Structure formats: C-alpha cells, structure tokens
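Some notes on the structure that comes next.
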Amino acid sequence: MPKIVFLPHEQICPEGEVIEAENGQSICEAALEHGLHIEHACEMSCACTTCHVIVREGFESLNEADELEEDLLDKAWGLEPESRLSCQALVTDEDLVVEIPKYTINMVSENH
C-alpha cells in the first residue's frame with residue numbers, strides 16, 4: 001500500500017502524519033479515514049477549493065487534473081505548480097509527500 005506523508009500543519013497534524021492509502025483512493029478520502037480532518041466544504045464534489053493540497057513528492061504519479069479542477073485551483077490560496085484538490089487527486093502505487101496549506105478561502109471551518 002502506498003504511504004502518504006503529511007507535513008506538519010499547525011491545526012490538522014502539528015507533528016505531521018504518515019498514513020497508508022488504497023490504490024485509487026483520493027488523498028482527501030485517505031486523510032479523513034485516518035482522522036486527518038482536511039476541510040472539504042463541497043463534500044468532495046469538486047465544487048470548491050477547501051481541500052487544496054500541495055504534493056511535494058510523487059506529484060507525477062497522480063491522475064491528471066481535469067479542466068474543472070484546474071479552474072477551481074486558480075482560486076485557491078497559496079497555489080503552486082504541484083497544487084491539487086485532494087478530493088480529486090487519486091493515489092497510485094507511489095508514496096506521496098503532501099503539504100496542507102495554512103489557509104483556505106473558507107472563512108469558517110465546516111467541521112465535517
């Protein structure tokens with residue numbers, strides 16, 4: 001099973017976290033399954049940018065972003081070339097290193 005290394009995030013995982021993910025599972029689904037509460041205000045339907053992550057290692061192994069995801073990413077805070085919506089980025093057999101940005105465009109957490 002591929003591993004996802006989440007870099008430290010002040011609120012979600014202050015010391016970082018390493019989890020295992022199923023092949024074909026989204027980064028967001030894997031994180032939530034392991035108790036990492038990534039915001040996902042649209043319930044993972046690719047309608048917002050609250051689950052934005054930056055894939056520091058393993059980016060090339062992910063499925064390609066479609067046009068809708070690319071358009072939404074343009075609105076994300078802290079956009080970088082390796083940015084993805086974690087609800088759309090599907091894990092393959094390669095390990096990933098992921099950074100959760102400090103901010104989202106959401107003013108209030110949805111507390112899912």
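Chain identifiers are assigned as A, B, and so on, following the order in which chains appear in the structure tokens; residues are numbered from 1 within each chain, and ligands are numbered from 1 in order of appearance.
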Tell me which protein, DNA and RNA residues are within 10 Å of region 9-20 of chain A, counting only C-alpha atoms, leaving out same-chain ones fewer than 4 positions away, and put them as a CSV table (one decimal) with N, CA, C and O atoms, in the first residue's frame.
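This went into selection-v9.csv:
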chain,number,residue,atom,x,y,z
A,1,MET,N,0.8,-1.2,0.0
A,1,MET,CA,0.0,0.0,0.0
A,1,MET,C,0.9,1.2,0.0
A,1,MET,O,1.8,1.3,0.7
A,2,PRO,N,0.5,2.2,-0.8
A,2,PRO,CA,1.3,3.5,-0.8
A,2,PRO,C,1.1,4.2,0.5
A,2,PRO,O,0.0,4.1,1.1
A,3,LYS,N,2.1,5.0,0.8
A,3,LYS,CA,2.1,5.8,2.0
A,3,LYS,C,1.9,7.3,1.6
A,3,LYS,O,2.4,7.7,0.6
A,4,ILE,N,1.2,8.0,2.4
A,4,ILE,CA,1.1,9.5,2.3
A,4,ILE,C,1.7,10.1,3.5
A,4,ILE,O,1.2,9.8,4.6
A,5,VAL,N,2.7,10.9,3.3
A,5,VAL,CA,3.4,11.6,4.4
A,5,VAL,C,2.8,13.0,4.4
A,5,VAL,O,2.9,13.8,3.4
A,30,ALA,N,-8.4,9.3,2.0
A,30,ALA,CA,-7.4,8.6,2.8
A,30,ALA,C,-7.2,9.4,4.1
A,30,ALA,O,-7.1,8.8,5.2
A,31,ALA,N,-7.0,10.7,4.0
A,31,ALA,CA,-6.8,11.5,5.2
A,31,ALA,C,-7.9,11.4,6.2
A,31,ALA,O,-7.7,11.2,7.4
A,33,GLU,N,-10.2,9.1,6.5
A,33,GLU,CA,-10.3,7.8,7.0
A,33,GLU,C,-9.3,7.6,8.2
A,33,GLU,O,-9.5,6.7,9.1
A,34,HIS,N,-8.2,8.3,8.2
A,34,HIS,CA,-7.2,8.2,9.2
A,34,HIS,C,-7.3,9.3,10.3
A,34,HIS,O,-6.3,9.6,11.0
A,35,GLY,N,-8.4,10.0,10.3
A,35,GLY,CA,-8.6,11.1,11.3
A,35,GLY,C,-7.9,12.4,11.0
A,35,GLY,O,-7.9,13.2,11.9
A,36,LEU,N,-7.5,12.6,9.8
A,36,LEU,CA,-6.9,13.9,9.5
A,36,LEU,C,-8.0,14.7,8.8
A,36,LEU,O,-8.5,14.4,7.7
A,37,HIS,N,-8.5,15.7,9.5
A,37,HIS,CA,-9.7,16.4,9.1
A,37,HIS,C,-9.4,17.6,8.1
A,37,HIS,O,-9.5,18.8,8.4
A,38,ILE,N,-9.1,17.2,6.9
A,38,ILE,CA,-8.9,18.2,5.8
A,38,ILE,C,-10.3,18.7,5.5
A,38,ILE,O,-11.3,18.0,5.4
A,39,GLU,N,-10.4,20.1,5.4
A,39,GLU,CA,-11.7,20.7,5.0
A,39,GLU,C,-12.1,20.2,3.6
A,39,GLU,O,-11.3,20.0,2.7
A,95,ASP,N,4.5,6.4,-3.2
A,95,ASP,CA,4.3,7.2,-2.0
A,95,ASP,C,4.3,8.7,-2.3
A,95,ASP,O,4.8,9.1,-3.3
A,96,LEU,N,3.6,9.4,-1.4
A,96,LEU,CA,3.4,10.9,-1.6
A,96,LEU,C,3.9,11.6,-0.4
A,96,LEU,O,3.8,11.1,0.7
A,97,VAL,N,4.3,12.8,-0.6
A,97,VAL,CA,4.6,13.8,0.5
A,97,VAL,C,3.6,15.0,0.2
A,97,VAL,O,3.7,15.6,-0.9
A,98,VAL,N,2.8,15.3,1.2
A,98,VAL,CA,1.7,16.3,1.0
A,98,VAL,C,1.8,17.4,2.0
A,98,VAL,O,2.0,17.1,3.2
A,99,GLU,N,1.6,18.6,1.6
A,99,GLU,CA,1.5,19.8,2.5
A,99,GLU,C,0.1,20.3,2.4
A,99,GLU,O,-0.4,20.5,1.3
A,100,ILE,N,-0.5,20.5,3.5
A,100,ILE,CA,-1.8,21.2,3.6
A,100,ILE,C,-1.5,22.7,3.9
A,100,ILE,O,-0.9,23.0,4.8
A,101,PRO,N,-2.0,23.5,2.9
A,101,PRO,CA,-1.7,24.9,3.1
A,101,PRO,C,-2.3,25.5,4.4
A,101,PRO,O,-3.3,24.9,5.0
A,102,LYS,N,-1.7,26.6,4.9
A,102,LYS,CA,-2.1,27.1,6.2
A,102,LYS,C,-3.6,27.7,6.1
A,102,LYS,O,-4.3,27.7,7.1
* **All strand (DSSP E or B) residues (DSSP, backbone) inside region 6-95 of chain A, as JSON, numbers by chain** => {"A": [6, 9, 13, 17, 18, 19, 20, 26, 52, 53, 54, 55, 56, 57, 83, 84, 85, 90]}
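Closest approach to Glu80 (chain A) among A:Tyr103, A:Ala41, A:Ala65, A:His52: A:His52, based on only C-alpha atoms.
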* Asked: What's the 9 Å shell around Ser83 (chain A), counting only C-alpha atoms, without same-chain residues fewer than 6 positions away, as a VMD selection string?
  -> chain A and resid 52 to 56 59 73 76
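Here CA of Ala89 (chain A) is placed at a distance of 13.5 Å from CA of Leu72 (chain A).
Nearest to Gly58 (chain A) of all the residues A:Pro81, A:Asp93, A:Glu43, A:Asp71 is A:Asp93, based on only C-alpha atoms.
With only C-alpha atoms as the atoms that count, the residue of A:Ser86, A:Ser61, A:Thr92, A:Gln25 with the shortest distance to Cys46 (chain A) is A:Ser86.
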* Asked: What separation in Å, quoted to one decimal, exists between CA of Leu85 (chain A) and CA of Cys48 (chain A)?
  -> 8.7 Å
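Coordinates place CA of Met44 (chain A) at a distance of 22.6 Å from CA of Pro8 (chain A).
Between Glu82 (chain A) and the candidates A:Ser26, A:Asp66, A:Glu60, A:Glu94, the tightest atom-to-atom separation, counting only C-alpha atoms, involves A:Glu60.
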* Asked: Could you write out, as a VMD selection string, all the residues of chain A that DSSP marks as helix (DSSP H, G or I)?
  -> chain A and resid 27 to 33 59 to 61 67 to 73
May I have the residues from that selection written out with all heavy atoms, as a CSV table (one decimal), in the first residue's frame?
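Contents of the output file selection_3.csv:
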chain,number,residue,atom,x,y,z
A,27,ILE,N,-6.7,11.5,-2.0
A,27,ILE,CA,-5.9,11.9,-0.9
A,27,ILE,C,-6.8,12.3,0.2
A,27,ILE,O,-6.6,12.0,1.4
A,27,ILE,CB,-4.9,13.1,-1.3
A,27,ILE,CG1,-3.9,12.6,-2.3
A,27,ILE,CG2,-4.3,13.7,0.0
A,27,ILE,CD1,-3.0,13.7,-2.9
A,28,CYS,N,-7.9,13.0,-0.1
A,28,CYS,CA,-8.8,13.5,0.9
A,28,CYS,C,-9.5,12.3,1.6
A,28,CYS,O,-9.6,12.3,2.9
A,28,CYS,CB,-9.9,14.4,0.3
A,28,CYS,SG,-10.9,15.3,1.5
A,29,GLU,N,-10.0,11.3,0.9
A,29,GLU,CA,-10.6,10.2,1.5
A,29,GLU,C,-9.7,9.4,2.4
A,29,GLU,O,-10.0,9.1,3.5
A,29,GLU,CB,-11.1,9.2,0.4
A,29,GLU,CG,-12.2,9.7,-0.4
A,29,GLU,CD,-12.5,8.8,-1.6
A,29,GLU,OE1,-11.5,8.2,-2.2
A,29,GLU,OE2,-13.7,8.7,-2.0
A,30,ALA,N,-8.4,9.3,2.0
A,30,ALA,CA,-7.4,8.6,2.8
A,30,ALA,C,-7.2,9.4,4.1
A,30,ALA,O,-7.1,8.8,5.2
A,30,ALA,CB,-6.1,8.4,2.0
A,31,ALA,N,-7.0,10.7,4.0
A,31,ALA,CA,-6.8,11.5,5.2
A,31,ALA,C,-7.9,11.4,6.2
A,31,ALA,O,-7.7,11.2,7.4
A,31,ALA,CB,-6.5,13.0,4.7
A,32,LEU,N,-9.1,11.6,5.7
A,32,LEU,CA,-10.3,11.5,6.6
A,32,LEU,C,-10.5,10.2,7.2
A,32,LEU,O,-10.8,10.1,8.4
A,32,LEU,CB,-11.6,11.9,5.8
A,32,LEU,CG,-11.7,13.3,5.2
A,32,LEU,CD1,-12.8,13.4,4.3
A,32,LEU,CD2,-11.8,14.3,6.4
A,33,GLU,N,-10.2,9.1,6.5
A,33,GLU,CA,-10.3,7.8,7.0
A,33,GLU,C,-9.3,7.6,8.2
A,33,GLU,O,-9.5,6.7,9.1
A,33,GLU,CB,-9.9,6.8,5.9
A,33,GLU,CG,-10.2,5.3,6.2
A,33,GLU,CD,-9.9,4.5,4.9
A,33,GLU,OE1,-10.8,4.4,4.1
A,33,GLU,OE2,-8.8,3.9,4.8
A,59,PHE,N,4.0,13.9,-7.2
A,59,PHE,CA,3.0,14.6,-8.0
A,59,PHE,C,2.8,13.9,-9.3
A,59,PHE,O,1.6,13.8,-9.8
A,59,PHE,CB,3.4,16.0,-8.2
A,59,PHE,CG,2.5,16.9,-8.9
A,59,PHE,CD1,1.4,17.4,-8.3
A,59,PHE,CD2,2.6,17.1,-10.3
A,59,PHE,CE1,0.4,18.2,-9.0
A,59,PHE,CE2,1.7,17.9,-11.0
A,59,PHE,CZ,0.6,18.4,-10.4
A,60,GLU,N,3.8,13.5,-10.0
A,60,GLU,CA,3.7,12.9,-11.3
A,60,GLU,C,3.0,11.6,-11.4
A,60,GLU,O,2.5,11.2,-12.4
A,60,GLU,CB,5.1,12.7,-12.0
A,60,GLU,CG,5.8,14.1,-12.2
A,60,GLU,CD,5.1,15.0,-13.2
A,60,GLU,OE1,4.5,14.5,-14.1
A,60,GLU,OE2,5.1,16.2,-12.9
A,61,SER,N,2.9,10.9,-10.2
A,61,SER,CA,2.2,9.6,-10.2
A,61,SER,C,0.7,9.8,-10.1
A,61,SER,O,-0.1,8.8,-10.3
A,61,SER,CB,2.7,8.8,-8.9
A,61,SER,OG,2.2,9.4,-7.7
A,67,GLU,N,-10.2,19.8,-16.4
A,67,GLU,CA,-10.4,21.3,-16.6
A,67,GLU,C,-11.1,21.9,-15.4
A,67,GLU,O,-10.8,23.0,-15.0
A,67,GLU,CB,-11.2,21.5,-17.9
A,67,GLU,CG,-11.2,22.9,-18.3
A,67,GLU,CD,-11.8,23.1,-19.7
A,67,GLU,OE1,-11.8,22.2,-20.5
A,67,GLU,OE2,-12.3,24.2,-19.9
A,68,LEU,N,-12.2,21.3,-14.9
A,68,LEU,CA,-12.9,21.9,-13.7
A,68,LEU,C,-12.0,22.0,-12.5
A,68,LEU,O,-12.0,23.1,-11.9
A,68,LEU,CB,-14.1,21.0,-13.4
A,68,LEU,CG,-14.9,21.4,-12.1
A,68,LEU,CD1,-15.5,22.8,-12.3
A,68,LEU,CD2,-16.0,20.4,-11.9
A,69,GLU,N,-11.2,21.0,-12.2
A,69,GLU,CA,-10.3,21.1,-11.1
A,69,GLU,C,-9.3,22.2,-11.3
A,69,GLU,O,-9.0,23.0,-10.4
A,69,GLU,CB,-9.5,19.8,-10.9
A,69,GLU,CG,-8.6,19.9,-9.7
A,69,GLU,CD,-7.8,18.6,-9.5
A,69,GLU,OE1,-8.0,17.6,-10.2
A,69,GLU,OE2,-6.9,18.6,-8.6
A,70,GLU,N,-8.7,22.3,-12.5
A,70,GLU,CA,-7.7,23.4,-12.9
A,70,GLU,C,-8.4,24.8,-12.7
A,70,GLU,O,-7.7,25.7,-12.2
A,70,GLU,CB,-7.2,23.2,-14.3
A,70,GLU,CG,-6.4,22.0,-14.6
A,70,GLU,CD,-5.0,22.1,-14.0
A,70,GLU,OE1,-4.6,23.2,-13.6
A,70,GLU,OE2,-4.3,21.1,-14.0
A,71,ASP,N,-9.6,24.9,-13.1
A,71,ASP,CA,-10.3,26.2,-13.0
A,71,ASP,C,-10.5,26.6,-11.5
A,71,ASP,O,-10.3,27.7,-11.1
A,71,ASP,CB,-11.7,26.2,-13.7
A,71,ASP,CG,-11.5,26.2,-15.2
A,71,ASP,OD1,-10.4,26.5,-15.7
A,71,ASP,OD2,-12.5,25.9,-15.9
A,72,LEU,N,-10.9,25.6,-10.7
A,72,LEU,CA,-11.1,25.9,-9.3
A,72,LEU,C,-9.7,26.2,-8.6
A,72,LEU,O,-9.7,27.0,-7.7
A,72,LEU,CB,-11.7,24.6,-8.6
A,72,LEU,CG,-13.2,24.5,-8.9
A,72,LEU,CD1,-13.7,23.2,-8.4
A,72,LEU,CD2,-14.0,25.6,-8.2
A,73,LEU,N,-8.7,25.4,-9.0
A,73,LEU,CA,-7.4,25.7,-8.3
A,73,LEU,C,-6.9,27.1,-8.5
A,73,LEU,O,-6.2,27.6,-7.7
A,73,LEU,CB,-6.3,24.7,-8.9
A,73,LEU,CG,-6.4,23.3,-8.3
A,73,LEU,CD1,-5.5,22.4,-9.1
A,73,LEU,CD2,-5.9,23.4,-6.8
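Here the question is which of A:Ser45, A:Asn63, A:Asn23, A:Thr104 gets nearest to Leu79 (chain A) using only C-alpha atoms, and that residue is A:Thr104.
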* **Shortest interatomic distance to Thr49 (chain A) - which of A:Val91, A:Leu62, A:Phe6, A:Asp74, counting only C-alpha atoms** => A:Asp74
